[in-house]
Amino acid sequence: MGGTLQRIDPSTGVAQVIDELDFRGVAVAVAERDLWVAVMDHYQPLAPAEVIRLDPGTGEVVARVPLPDGFGFVHRILPTSGAVWVAAMRRDDDWGHYDPSLIAIDPRTDRVVGVRPSPGRVATDGGSLWASRYLGEGSWDLARLDGATGEILETVQIGAERVGELLATGADVWFIGGDDVLVEGDAINATPRYRLERLDPSTGGVEIVAELAGRGGVVDMAASPGSVWLLHRDGTLSRIDLP
């Protein structure tokens, strides 16, 4: 089963199909003025995924970049000033996922130039990568990675027992933090309590912006002037207005 890539004209709201994909697309990003779309074969677990580079005006395929063998699942495409990074995992015969990695594509040559282990959830502010890292015993930090090499440049300790989705905007790094709440003192029946938090990269300060009780797990985030938007696992969308 294939898929389509569509463009919406903001002046008319009309959608136009600009490309028919060989396989279903799983991630899209804009970098170097082109569209980068990751596609994967949902019927062949060991088939490597592929990143297709498209001209956004014509839909013409500029380049096809196959990922290394085994990397059949793509979570996100993360453009930086130094590379186009692909957050991907290997798949086995039973469709299991393992070996989370960051795969670097050089946009000048359209070739894979490096593969690094992924620390955790990863986001990009366009220049650097930001990643969550589990340190053990319910402790996490956020790490800023070099956008060209993936090397860790700095880390910031955060007070959360769980960390979910990340969003980096340049001025701020937003993340879903959580703590386990015990039900009548029973650790087995602990339920997570989540909140939207903000890291100021210039100071290292972290603040709680909003409690997310009862809103469900967050699978994606986006920012607009004065608000942060959260896509929940049940398909609902929340807007958090900033003070």
# chains A, B, ... in the order shown; residues from 1 in each chain; ligands from 1
>>> residues_around(residues="Ser81 of chain A", least_positions_apart="5", cutoff="10 Å", atoms="only C-alpha atoms", output="PyMOL selection string")
chain A and resi 31-32+124-128+146-148
>>> select_by_dssp(residues="segment 13-171 of chain A", states="strand (DSSP E or B)", output="ChimeraX atom specification")
/A:15-21,25-31,34-39,50-54,61-66,73-79,84-91,97-106,111-117,122-124,129-136,139-145,152-158,162-168
>>> closest_residue(among="A:Tyr43, A:Trp140, A:Trp36, A:Tyr98", to="Pro79 of chain A", atoms="only C-alpha atoms")
A:Trp36
>>> closest_residue(among="A:Pro56, A:Pro66, A:Pro100, A:Gly72", to="Val28 of chain A", atoms="only C-alpha atoms")
A:Pro56
>>> atom_distance(atom1="atom CA of Ala15 of chain A", atom2="atom CA of Leu167 of chain A")
27.2 Å
>>> closest_residue(among="A:Ile8, A:Ala49, A:Leu135, A:Ala168", to="Leu78 of chain A", atoms="only C-alpha atoms")
A:Ala168
>>> closest_residue(among="A:Arg233, A:Pro225, A:Ala171, A:Arg121", to="Thr203 of chain A", atoms="only C-alpha atoms")
A:Ala171
>>> decode(residues="segment 52-97 of chain A", atoms="N, CA and C atoms", output="PDB file, in the first residue's frame")
ATOM      1  N   ILE A  52      13.361  10.160   1.056  1.00  0.00           N
ATOM      2  CA  ILE A  52      13.222  10.732  -0.281  1.00  0.00           C
ATOM      3  C   ILE A  52      13.287  12.254  -0.174  1.00  0.00           C
ATOM      4  N   ARG A  53      14.097  12.867  -1.016  1.00  0.00           N
ATOM      5  CA  ARG A  53      14.218  14.327  -1.079  1.00  0.00           C
ATOM      6  C   ARG A  53      13.405  14.829  -2.272  1.00  0.00           C
ATOM      7  N   LEU A  54      12.485  15.776  -2.020  1.00  0.00           N
ATOM      8  CA  LEU A  54      11.562  16.232  -3.045  1.00  0.00           C
ATOM      9  C   LEU A  54      11.632  17.736  -3.224  1.00  0.00           C
ATOM     10  N   ASP A  55      11.459  18.185  -4.452  1.00  0.00           N
ATOM     11  CA  ASP A  55      11.278  19.601  -4.730  1.00  0.00           C
ATOM     12  C   ASP A  55       9.862  19.968  -4.302  1.00  0.00           C
ATOM     13  N   PRO A  56       9.680  20.901  -3.331  1.00  0.00           N
ATOM     14  CA  PRO A  56       8.331  21.182  -2.828  1.00  0.00           C
ATOM     15  C   PRO A  56       7.432  21.855  -3.849  1.00  0.00           C
ATOM     16  N   GLY A  57       8.019  22.484  -4.857  1.00  0.00           N
ATOM     17  CA  GLY A  57       7.200  23.160  -5.857  1.00  0.00           C
ATOM     18  C   GLY A  57       6.627  22.234  -6.903  1.00  0.00           C
ATOM     19  N   THR A  58       7.423  21.247  -7.300  1.00  0.00           N
ATOM     20  CA  THR A  58       7.013  20.356  -8.388  1.00  0.00           C
ATOM     21  C   THR A  58       6.705  18.939  -7.937  1.00  0.00           C
ATOM     22  N   GLY A  59       7.178  18.565  -6.744  1.00  0.00           N
ATOM     23  CA  GLY A  59       7.036  17.185  -6.300  1.00  0.00           C
ATOM     24  C   GLY A  59       8.053  16.244  -6.907  1.00  0.00           C
ATOM     25  N   GLU A  60       8.976  16.784  -7.690  1.00  0.00           N
ATOM     26  CA  GLU A  60      10.004  15.959  -8.339  1.00  0.00           C
ATOM     27  C   GLU A  60      10.950  15.380  -7.293  1.00  0.00           C
ATOM     28  N   VAL A  61      11.294  14.104  -7.459  1.00  0.00           N
ATOM     29  CA  VAL A  61      12.242  13.447  -6.574  1.00  0.00           C
ATOM     30  C   VAL A  61      13.652  13.924  -6.913  1.00  0.00           C
ATOM     31  N   VAL A  62      14.300  14.561  -5.941  1.00  0.00           N
ATOM     32  CA  VAL A  62      15.664  15.071  -6.128  1.00  0.00           C
ATOM     33  C   VAL A  62      16.680  13.983  -5.814  1.00  0.00           C
ATOM     34  N   ALA A  63      16.400  13.200  -4.761  1.00  0.00           N
ATOM     35  CA  ALA A  63      17.330  12.133  -4.376  1.00  0.00           C
ATOM     36  C   ALA A  63      16.598  11.106  -3.533  1.00  0.00           C
ATOM     37  N   ARG A  64      17.128   9.883  -3.531  1.00  0.00           N
ATOM     38  CA  ARG A  64      16.653   8.810  -2.661  1.00  0.00           C
ATOM     39  C   ARG A  64      17.829   8.340  -1.825  1.00  0.00           C
ATOM     40  N   VAL A  65      17.643   8.323  -0.517  1.00  0.00           N
ATOM     41  CA  VAL A  65      18.733   7.956   0.395  1.00  0.00           C
ATOM     42  C   VAL A  65      18.300   6.730   1.203  1.00  0.00           C
ATOM     43  N   PRO A  66      18.782   5.541   0.843  1.00  0.00           N
ATOM     44  CA  PRO A  66      18.438   4.352   1.640  1.00  0.00           C
ATOM     45  C   PRO A  66      19.168   4.390   2.981  1.00  0.00           C
ATOM     46  N   LEU A  67      18.463   3.987   4.044  1.00  0.00           N
ATOM     47  CA  LEU A  67      19.106   3.900   5.345  1.00  0.00           C
ATOM     48  C   LEU A  67      19.910   2.607   5.430  1.00  0.00           C
ATOM     49  N   PRO A  68      20.833   2.513   6.384  1.00  0.00           N
ATOM     50  CA  PRO A  68      21.628   1.281   6.514  1.00  0.00           C
ATOM     51  C   PRO A  68      20.744   0.063   6.749  1.00  0.00           C
ATOM     52  N   ASP A  69      21.272  -1.107   6.406  1.00  0.00           N
ATOM     53  CA  ASP A  69      20.528  -2.362   6.534  1.00  0.00           C
ATOM     54  C   ASP A  69      19.965  -2.525   7.944  1.00  0.00           C
ATOM     55  N   GLY A  70      18.720  -2.946   7.989  1.00  0.00           N
ATOM     56  CA  GLY A  70      18.083  -3.229   9.272  1.00  0.00           C
ATOM     57  C   GLY A  70      17.277  -2.088   9.835  1.00  0.00           C
ATOM     58  N   PHE A  71      17.594  -0.863   9.450  1.00  0.00           N
ATOM     59  CA  PHE A  71      16.879   0.289   9.992  1.00  0.00           C
ATOM     60  C   PHE A  71      15.582   0.493   9.198  1.00  0.00           C
ATOM     61  N   GLY A  72      14.552  -0.237   9.627  1.00  0.00           N
ATOM     62  CA  GLY A  72      13.299  -0.226   8.895  1.00  0.00           C
ATOM     63  C   GLY A  72      12.220   0.646   9.495  1.00  0.00           C
ATOM     64  N   PHE A  73      12.462   1.201  10.686  1.00  0.00           N
ATOM     65  CA  PHE A  73      11.451   2.035  11.337  1.00  0.00           C
ATOM     66  C   PHE A  73      12.025   3.427  11.579  1.00  0.00           C
ATOM     67  N   VAL A  74      11.320   4.453  11.117  1.00  0.00           N
ATOM     68  CA  VAL A  74      11.737   5.846  11.307  1.00  0.00           C
ATOM     69  C   VAL A  74      10.724   6.548  12.191  1.00  0.00           C
ATOM     70  N   HIS A  75      11.232   7.243  13.198  1.00  0.00           N
ATOM     71  CA  HIS A  75      10.357   8.001  14.097  1.00  0.00           C
ATOM     72  C   HIS A  75      10.253   9.454  13.675  1.00  0.00           C
ATOM     73  N   ARG A  76      11.369  10.058  13.271  1.00  0.00           N
ATOM     74  CA  ARG A  76      11.354  11.492  12.998  1.00  0.00           C
ATOM     75  C   ARG A  76      12.552  11.874  12.130  1.00  0.00           C
ATOM     76  N   ILE A  77      12.388  12.940  11.325  1.00  0.00           N
ATOM     77  CA  ILE A  77      13.486  13.550  10.574  1.00  0.00           C
ATOM     78  C   ILE A  77      13.812  14.875  11.246  1.00  0.00           C
ATOM     79  N   LEU A  78      15.104  15.130  11.494  1.00  0.00           N
ATOM     80  CA  LEU A  78      15.524  16.253  12.325  1.00  0.00           C
ATOM     81  C   LEU A  78      16.602  17.069  11.608  1.00  0.00           C
ATOM     82  N   PRO A  79      16.227  18.076  10.840  1.00  0.00           N
ATOM     83  CA  PRO A  79      17.228  18.893  10.146  1.00  0.00           C
ATOM     84  C   PRO A  79      17.960  19.829  11.109  1.00  0.00           C
ATOM     85  N   THR A  80      19.260  19.955  10.926  1.00  0.00           N
ATOM     86  CA  THR A  80      20.068  20.932  11.654  1.00  0.00           C
ATOM     87  C   THR A  80      20.904  21.702  10.641  1.00  0.00           C
ATOM     88  N   SER A  81      21.713  22.613  11.144  1.00  0.00           N
ATOM     89  CA  SER A  81      22.576  23.386  10.255  1.00  0.00           C
ATOM     90  C   SER A  81      23.712  22.545   9.693  1.00  0.00           C
ATOM     91  N   GLY A  82      23.967  21.371  10.279  1.00  0.00           N
ATOM     92  CA  GLY A  82      25.097  20.572   9.821  1.00  0.00           C
ATOM     93  C   GLY A  82      24.743  19.278   9.132  1.00  0.00           C
ATOM     94  N   ALA A  83      23.483  18.818   9.272  1.00  0.00           N
ATOM     95  CA  ALA A  83      23.099  17.531   8.688  1.00  0.00           C
ATOM     96  C   ALA A  83      21.581  17.396   8.745  1.00  0.00           C
ATOM     97  N   VAL A  84      21.085  16.385   8.048  1.00  0.00           N
ATOM     98  CA  VAL A  84      19.692  15.969   8.204  1.00  0.00           C
ATOM     99  C   VAL A  84      19.746  14.647   8.966  1.00  0.00           C
ATOM    100  N   TRP A  85      19.259  14.676  10.214  1.00  0.00           N
ATOM    101  CA  TRP A  85      19.317  13.499  11.073  1.00  0.00           C
ATOM    102  C   TRP A  85      18.003  12.728  10.998  1.00  0.00           C
ATOM    103  N   VAL A  86      18.121  11.414  11.060  1.00  0.00           N
ATOM    104  CA  VAL A  86      16.950  10.543  11.033  1.00  0.00           C
ATOM    105  C   VAL A  86      16.957   9.713  12.314  1.00  0.00           C
ATOM    106  N   ALA A  87      15.912   9.864  13.128  1.00  0.00           N
ATOM    107  CA  ALA A  87      15.759   9.035  14.324  1.00  0.00           C
ATOM    108  C   ALA A  87      15.111   7.726  13.894  1.00  0.00           C
ATOM    109  N   ALA A  88      15.854   6.632  13.967  1.00  0.00           N
ATOM    110  CA  ALA A  88      15.398   5.358  13.410  1.00  0.00           C
ATOM    111  C   ALA A  88      15.733   4.213  14.350  1.00  0.00           C
ATOM    112  N   MET A  89      15.080   3.067  14.110  1.00  0.00           N
ATOM    113  CA  MET A  89      15.348   1.852  14.869  1.00  0.00           C
ATOM    114  C   MET A  89      15.419   0.674  13.908  1.00  0.00           C
ATOM    115  N   ARG A  90      16.147  -0.351  14.316  1.00  0.00           N
ATOM    116  CA  ARG A  90      16.162  -1.594  13.558  1.00  0.00           C
ATOM    117  C   ARG A  90      14.905  -2.398  13.877  1.00  0.00           C
ATOM    118  N   ARG A  91      14.547  -3.313  12.947  1.00  0.00           N
ATOM    119  CA  ARG A  91      13.420  -4.208  13.161  1.00  0.00           C
ATOM    120  C   ARG A  91      13.884  -5.643  12.975  1.00  0.00           C
ATOM    121  N   ASP A  92      13.240  -6.557  13.708  1.00  0.00           N
ATOM    122  CA  ASP A  92      13.544  -7.981  13.538  1.00  0.00           C
ATOM    123  C   ASP A  92      12.394  -8.683  12.823  1.00  0.00           C
ATOM    124  N   ASP A  93      12.531 -10.001  12.678  1.00  0.00           N
ATOM    125  CA  ASP A  93      11.527 -10.771  11.924  1.00  0.00           C
ATOM    126  C   ASP A  93      10.143 -10.708  12.552  1.00  0.00           C
ATOM    127  N   ASP A  94      10.086 -10.472  13.854  1.00  0.00           N
ATOM    128  CA  ASP A  94       8.802 -10.428  14.564  1.00  0.00           C
ATOM    129  C   ASP A  94       8.292  -9.000  14.714  1.00  0.00           C
ATOM    130  N   TRP A  95       8.832  -8.075  13.930  1.00  0.00           N
ATOM    131  CA  TRP A  95       8.421  -6.673  13.927  1.00  0.00           C
ATOM    132  C   TRP A  95       8.811  -5.935  15.207  1.00  0.00           C
ATOM    133  N   GLY A  96       9.699  -6.536  15.980  1.00  0.00           N
ATOM    134  CA  GLY A  96      10.187  -5.852  17.173  1.00  0.00           C
ATOM    135  C   GLY A  96      11.169  -4.749  16.803  1.00  0.00           C
ATOM    136  N   HIS A  97      11.249  -3.720  17.620  1.00  0.00           N
ATOM    137  CA  HIS A  97      12.136  -2.583  17.387  1.00  0.00           C
ATOM    138  C   HIS A  97      13.279  -2.593  18.400  1.00  0.00           C
TER     139      HIS A  97
END
